[in-house]
>>> print(open('data-v3.txt').read())   # compact mmCIF, C-alpha atoms
# COMPACT_ATOMS: atom_id res chain seq x y z
CA MET N 24 66.88 68.62 125.47
CA LYS N 25 69.05 70.77 127.68
CA ASN N 26 71.42 73.22 126.01
CA LEU N 27 75.01 72.07 125.65
CA VAL N 28 77.67 74.01 127.58
CA SER N 29 81.19 74.18 126.11
CA ILE N 30 83.92 74.45 128.76
CA ILE N 31 87.34 75.54 127.51
CA THR N 32 90.41 74.69 129.60
CA PRO N 33 93.96 75.52 128.45
CA THR N 34 96.69 73.50 130.13
CA TYR N 35 100.43 73.87 130.50
CA ASN N 36 102.35 71.79 133.05
CA SER N 37 99.21 71.44 135.16
CA GLU N 38 99.56 67.85 136.40
CA LYS N 39 99.42 68.96 140.05
CA PHE N 40 95.93 70.48 139.79
CA ILE N 41 94.16 69.35 136.59
CA SER N 42 92.41 66.33 138.10
CA GLU N 43 90.80 68.46 140.82
CA THR N 44 89.63 70.90 138.15
CA ILE N 45 88.12 68.12 136.01
CA GLN N 46 86.45 66.57 139.06
CA SER N 47 84.74 69.89 139.82
CA VAL N 48 83.21 69.75 136.33
CA LEU N 49 82.11 66.14 136.79
CA ASN N 50 80.43 67.22 140.05
CA GLN N 51 78.19 69.78 138.33
CA THR N 52 74.45 69.52 138.93
CA TYR N 53 74.01 70.42 135.24
CA GLN N 54 75.44 67.57 133.22
CA ASN N 55 74.98 68.46 129.52
CA TRP N 56 78.48 69.80 128.88
CA GLU N 57 81.62 69.20 126.89
CA MET N 58 85.03 70.00 128.33
CA ILE N 59 87.61 70.92 125.70
CA ILE N 60 91.09 70.67 127.22
CA VAL N 61 93.80 72.19 125.05
CA ASP N 62 97.34 71.29 126.06
CA ASP N 63 99.99 73.84 125.12
CA CYS N 64 102.94 71.42 124.83
CA SER N 65 103.29 70.53 128.51
CA SER N 66 106.57 68.93 129.52
CA ASP N 67 105.06 67.07 132.50
CA ASN N 68 102.30 64.44 132.64
CA THR N 69 99.40 66.84 132.02
CA LYS N 70 98.60 65.52 128.54
CA THR N 71 98.69 61.90 129.72
CA LEU N 72 96.32 62.70 132.59
CA THR N 73 93.81 64.53 130.40
CA GLU N 74 93.85 61.73 127.84
CA GLU N 75 93.11 59.25 130.62
CA TRP N 76 90.18 61.36 131.77
CA SER N 77 88.85 61.60 128.20
CA LYS N 78 88.81 57.80 127.97
CA LYS N 79 86.74 57.63 131.15
CA ASP N 80 84.20 60.25 130.00
CA THR N 81 83.56 61.04 126.33
CA ARG N 82 82.38 64.55 127.24
CA ILE N 83 86.02 65.37 128.02
CA LYS N 84 88.00 66.11 124.86
CA SER N 85 91.78 66.26 125.08
CA ILE N 86 93.61 68.00 122.25
CA ALA N 87 97.18 69.26 121.94
CA LEU N 88 98.83 72.14 120.12
CA GLU N 89 101.84 71.25 117.97
CA THR N 90 103.97 74.09 119.33
CA ASN N 91 103.92 76.06 122.58
CA SER N 92 101.78 79.05 121.65
CA GLY N 93 100.47 80.65 124.87
CA PRO N 94 97.06 80.74 126.55
CA ALA N 95 95.32 82.92 123.95
CA LYS N 96 95.94 80.48 121.09
CA ALA N 97 95.08 77.54 123.33
CA ARG N 98 91.76 79.10 124.32
CA ASN N 99 91.02 80.12 120.72
CA ALA N 100 91.61 76.54 119.61
CA GLY N 101 88.99 75.52 122.16
CA ILE N 102 86.60 78.25 121.00
CA GLU N 103 86.89 76.95 117.42
CA LEU N 104 85.79 73.48 118.56
CA ALA N 105 83.04 74.63 120.92
CA ALA N 106 79.70 73.16 119.84
CA GLY N 107 77.54 74.40 122.71
CA ASN N 108 74.87 77.03 123.11
CA TYR N 109 76.89 78.42 126.01
CA MET N 110 80.63 78.98 126.32
CA THR N 111 82.60 79.22 129.54
CA PHE N 112 86.22 78.95 130.64
CA LEU N 113 87.96 77.13 133.47
CA ASP N 114 91.72 77.29 133.94
CA ALA N 115 93.56 74.12 134.87
CA ASP N 116 94.11 75.03 138.52
CA ASP N 117 90.71 76.50 139.39
CA ILE N 118 87.56 74.85 140.74
CA TRP N 119 83.81 75.33 140.28
CA PHE N 120 81.21 74.78 142.96
CA PRO N 121 78.67 72.10 141.92
CA ASP N 122 75.91 74.55 140.95
CA PHE N 123 78.08 76.91 138.89
CA ILE N 124 76.70 75.94 135.46
CA GLU N 125 73.12 75.53 136.63
CA ASN N 126 73.15 78.90 138.38
CA SER N 127 74.73 80.68 135.40
CA ILE N 128 72.09 79.40 132.99
CA LYS N 129 69.30 80.21 135.45
CA THR N 130 70.62 83.79 135.80
CA ILE N 131 70.69 84.27 132.02
CA GLU N 132 67.11 83.01 131.75
CA GLN N 133 65.90 85.22 134.61
CA THR N 134 67.69 88.44 133.65
CA GLY N 135 67.69 88.21 129.86
CA ILE N 136 71.38 89.22 129.96
CA HIS N 137 73.38 86.83 127.81
CA PHE N 138 76.77 87.38 129.47
CA VAL N 139 77.03 86.62 133.19
CA PHE N 140 79.88 86.06 135.65
CA SER N 141 80.18 85.15 139.31
CA SER N 142 81.97 86.07 142.50
CA TYR N 143 84.57 83.61 143.70
CA LYS N 144 86.61 82.54 146.68
CA ARG N 145 90.38 83.02 146.63
CA SER N 146 92.73 80.38 148.00
CA ASN N 147 96.41 79.59 148.07
CA GLU N 148 97.79 76.55 146.24
CA ASN N 149 96.57 74.26 149.03
CA LEU N 150 92.96 75.52 148.77
CA GLU N 151 93.26 77.40 152.06
CA PHE N 152 91.12 80.56 152.05
CA VAL N 153 93.79 82.99 153.20
CA TYR N 154 92.36 85.81 151.06
CA SER N 155 88.94 87.44 151.24
CA ASP N 156 86.23 86.48 148.74
CA PHE N 157 86.14 88.55 145.55
CA ILE N 158 82.59 89.84 145.22
CA VAL N 159 81.88 91.10 141.73
CA PRO N 160 79.79 94.15 140.81
CA GLN N 161 76.20 93.39 139.81
CA LYS N 162 76.71 95.11 136.46
CA VAL N 163 79.82 95.95 134.45
CA THR N 164 80.02 97.96 131.24
CA TYR N 165 82.74 98.35 128.63
CA THR N 166 84.31 101.31 130.47
CA ASP N 167 84.10 99.49 133.82
CA ILE N 168 86.25 96.66 132.45
CA LEU N 169 88.80 99.15 131.07
CA LYS N 170 89.22 100.40 134.64
CA SER N 171 89.37 96.98 136.28
CA ASN N 172 88.74 93.53 134.84
CA SER N 173 86.33 92.13 137.42
CA ILE N 174 85.30 89.28 135.08
CA SER N 175 87.52 86.31 135.79
CA CYS N 176 88.07 83.55 133.24
CA LEU N 177 86.85 80.95 135.73
CA THR N 178 83.32 82.38 136.00
CA ALA N 179 82.61 84.09 132.65
CA PHE N 180 79.58 82.46 131.01
CA VAL N 181 78.38 83.54 127.55
CA ASP N 182 75.28 82.64 125.55
CA ILE N 183 77.05 82.21 122.21
CA LYS N 184 73.86 81.05 120.50
CA THR N 185 72.63 84.61 120.97
CA LEU N 186 75.84 86.67 121.04
CA GLY N 187 77.93 84.55 118.68
CA LYS N 188 81.47 83.22 118.96
CA LYS N 189 84.31 85.69 119.33
CA ARG N 190 88.03 85.00 119.69
CA MET N 191 90.58 86.29 122.14
CA PRO N 192 93.24 88.69 120.85
CA GLU N 193 96.43 86.66 120.56
CA ILE N 194 98.52 88.67 122.98
CA PHE N 195 100.67 87.46 125.89
CA LYS N 196 98.50 88.89 128.68
CA ARG N 197 95.00 90.38 128.96
CA GLN N 198 93.53 88.18 126.23
CA ASP N 199 90.46 87.41 128.36
CA MET N 200 89.84 91.11 128.94
CA GLY N 201 90.01 91.59 125.19
CA LEU N 202 87.27 89.01 124.67
CA TRP N 203 84.95 90.48 127.31
CA LEU N 204 85.30 93.95 125.77
CA GLN N 205 84.31 92.64 122.34
CA TYR N 206 81.00 91.47 123.80
CA LEU N 207 80.53 94.60 125.89
CA LYS N 208 80.82 96.78 122.81
CA GLU N 209 77.60 95.15 121.63
CA ILE N 210 75.56 94.75 124.84
CA PRO N 211 74.82 97.30 127.60
CA TYR N 212 76.44 95.32 130.40
CA ALA N 213 77.36 91.89 131.79
CA TYR N 214 75.53 90.69 134.88
CA GLY N 215 77.48 89.79 138.03
CA ILE N 216 76.29 87.04 140.38
CA GLN N 217 77.06 88.11 143.94
CA GLU N 218 77.35 84.67 145.53
CA PRO N 219 80.77 82.95 145.08
CA LYS N 220 80.47 80.02 142.69
CA ALA N 221 84.13 79.06 142.19
CA ILE N 222 87.58 78.95 143.75
CA TYR N 223 90.42 80.91 142.20
CA ARG N 224 93.73 79.38 143.22
CA ILE N 225 96.40 82.06 143.61
CA ARG N 226 99.77 80.55 142.72
CA GLU N 227 102.96 81.78 144.33
CA ASN N 228 104.47 82.63 140.94
CA SER N 229 101.30 84.16 139.54
CA LEU N 230 102.05 87.00 137.11
CA SER N 231 98.62 88.49 137.80
CA ARG N 232 99.82 89.54 141.26
CA ASN N 233 102.98 91.27 140.00
CA LYS N 234 101.55 94.58 138.83
CA LYS N 235 104.94 96.01 137.87
CA ASN N 236 105.41 93.27 135.30
CA LEU N 237 101.90 93.81 133.98
CA ILE N 238 102.06 97.57 133.46
CA LYS N 239 103.65 97.32 130.03
CA TYR N 240 101.10 94.71 128.91
CA GLN N 241 98.22 96.83 130.18
CA TRP N 242 99.53 99.89 128.35
CA GLN N 243 99.99 97.92 125.12
CA PHE N 244 96.48 96.60 125.49
CA TYR N 245 94.95 100.07 125.75
CA ARG N 246 96.97 101.47 122.87
CA GLU N 247 97.27 98.54 120.44
CA VAL N 248 94.21 96.37 121.07
CA GLU N 249 91.57 98.91 122.10
CA LYS N 250 93.21 101.77 120.13
CA LEU N 251 92.72 104.30 122.92
CA SER N 252 94.38 107.70 122.83
CA VAL N 253 97.35 108.46 125.05
CA PHE N 254 95.15 110.56 127.34
CA GLN N 255 92.53 107.81 127.62
CA SER N 256 95.23 105.20 128.22
CA ILE N 257 96.77 107.21 131.06
CA TYR N 258 93.35 107.70 132.66
CA TYR N 259 92.43 104.02 132.53
CA MET N 260 95.92 102.95 133.59
CA LEU N 261 95.68 105.02 136.77
CA GLN N 262 92.23 103.56 137.47
CA TRP N 263 93.54 100.03 136.85
CA MET N 264 96.56 100.48 139.16
CA TYR N 265 94.46 101.79 142.03
CA ARG N 266 91.75 99.14 141.71
CA GLY N 267 94.36 96.39 141.34
CA PHE N 268 95.94 97.45 144.61
CA MET N 269 92.56 97.43 146.35
CA LYS N 270 91.72 93.98 144.93
CA TYR N 271 94.77 92.29 146.48
CA ARG N 272 95.21 94.26 149.68
CA ASN N 273 93.39 91.51 151.66
>>> encode(input="data-v3.txt", output="structure tokens")
Amino acid sequence: MKNLVSIITPTYNSEKFISETIQSVLNQTYQNWEMIIVDDCSSDNTKTLTEEWSKKDTRIKSIALETNSGPAKARNAGIELAAGNYMTFLDADDIWFPDFIENSIKTIEQTGIHFVFSSYKRSNENLEFVYSDFIVPQKVTYTDILKSNSISCLTAFVDIKTLGKKRMPEIFKRQDMGLWLQYLKEIPYAYGIQEPKAIYRIRENSLSRNKKNLIKYQWQFYREVEKLSVFQSIYYMLQWMYRGFMKYRN
């Protein structure tokens, strides 16, 4: 029997995009998956939509947090429930190409690396490709991710049967980076798939594009989560600022 893949999707006021995201999972060539959708107290129709989808397909599980708690707690709630051999994440406004899961598993089997991630296309809210594709490095180490987080939540794919379950640090931003680094402390590197296998939708109000707002979170992450020295934090901060500028210049 094929290995089960656990897909974790946090939602918050995502009614505009969530159905497209779910449909991209239904379109996968690899069909042994569970999609755990964790709603973080949406005030729109997101929860109603996900519950309707779960009635149509029992592989889709719709759960809701009792209080608005942020994406880290929502994803960790999904991680707790994940029953698969593999764990992956897909945010409520992003889209996978049909062979994303199949290709990720094939890459793990071929390389023997139990943490893989893919390149992706970048679109605006209307799925127009007004930005260049983001092509990931073929290998990234712990220190590489400290300089620039090239592993996006929408393409990270982890063999948790081998590497085990880990949780995201429950911080406001950079919780995904915190999870990747936990794995990269234990393995030499994660393997990057060069061909784009997903679409990252860049929202007009996306915090990830406002680097000034993120500086304080990045600094706190280095100092409080990774416990780096002031000197190390300054070094990696400068690397992160430069690489962030290069990432979004096109």
>>> closest_residue(input="data-v3.txt", among="N:Thr69, N:Thr164, N:Ser171, N:Thr111", to="Phe268 in chain N", atoms="all atoms listed in the file")
N:Ser171
>>> closest_residue(input="data-v3.txt", among="N:Ile257, N:Ala106, N:Leu113, N:Leu169", to="Ser47 in chain N", atoms="all atoms listed in the file")
N:Leu113
>>> closest_residue(input="data-v3.txt", among="N:Lys84, N:Lys239, N:Arg98, N:Arg224", to="Glu148 in chain N", atoms="all atoms listed in the file")
N:Arg224
>>> atom_distance(input="data-v3.txt", atom1="CA of Ser141 in chain N", atom2="CA of Asn126 in chain N")
9.5 Å
>>> closest_residue(input="data-v3.txt", among="N:Gly201, N:Ala105, N:Asn50, N:Asp117", to="Lys250 in chain N", atoms="only C-alpha atoms")
N:Gly201
>>> atom_distance(input="data-v3.txt", atom1="CA of Leu104 in chain N", atom2="CA of Ile59 in chain N")
7.8 Å
>>> atom_distance(input="data-v3.txt", atom1="CA of Gln243 in chain N", atom2="CA of Leu177 in chain N")
23.9 Å
>>> closest_residue(input="data-v3.txt", among="N:Asp182, N:Glu38, N:Glu227, N:Glu247", to="His137 in chain N", atoms="only C-alpha atoms")
N:Asp182
>>> closest_residue(input="data-v3.txt", among="N:Asn108, N:Thr73, N:Ser142, N:Asn26", to="Lys184 in chain N", atoms="only C-alpha atoms")
N:Asn108
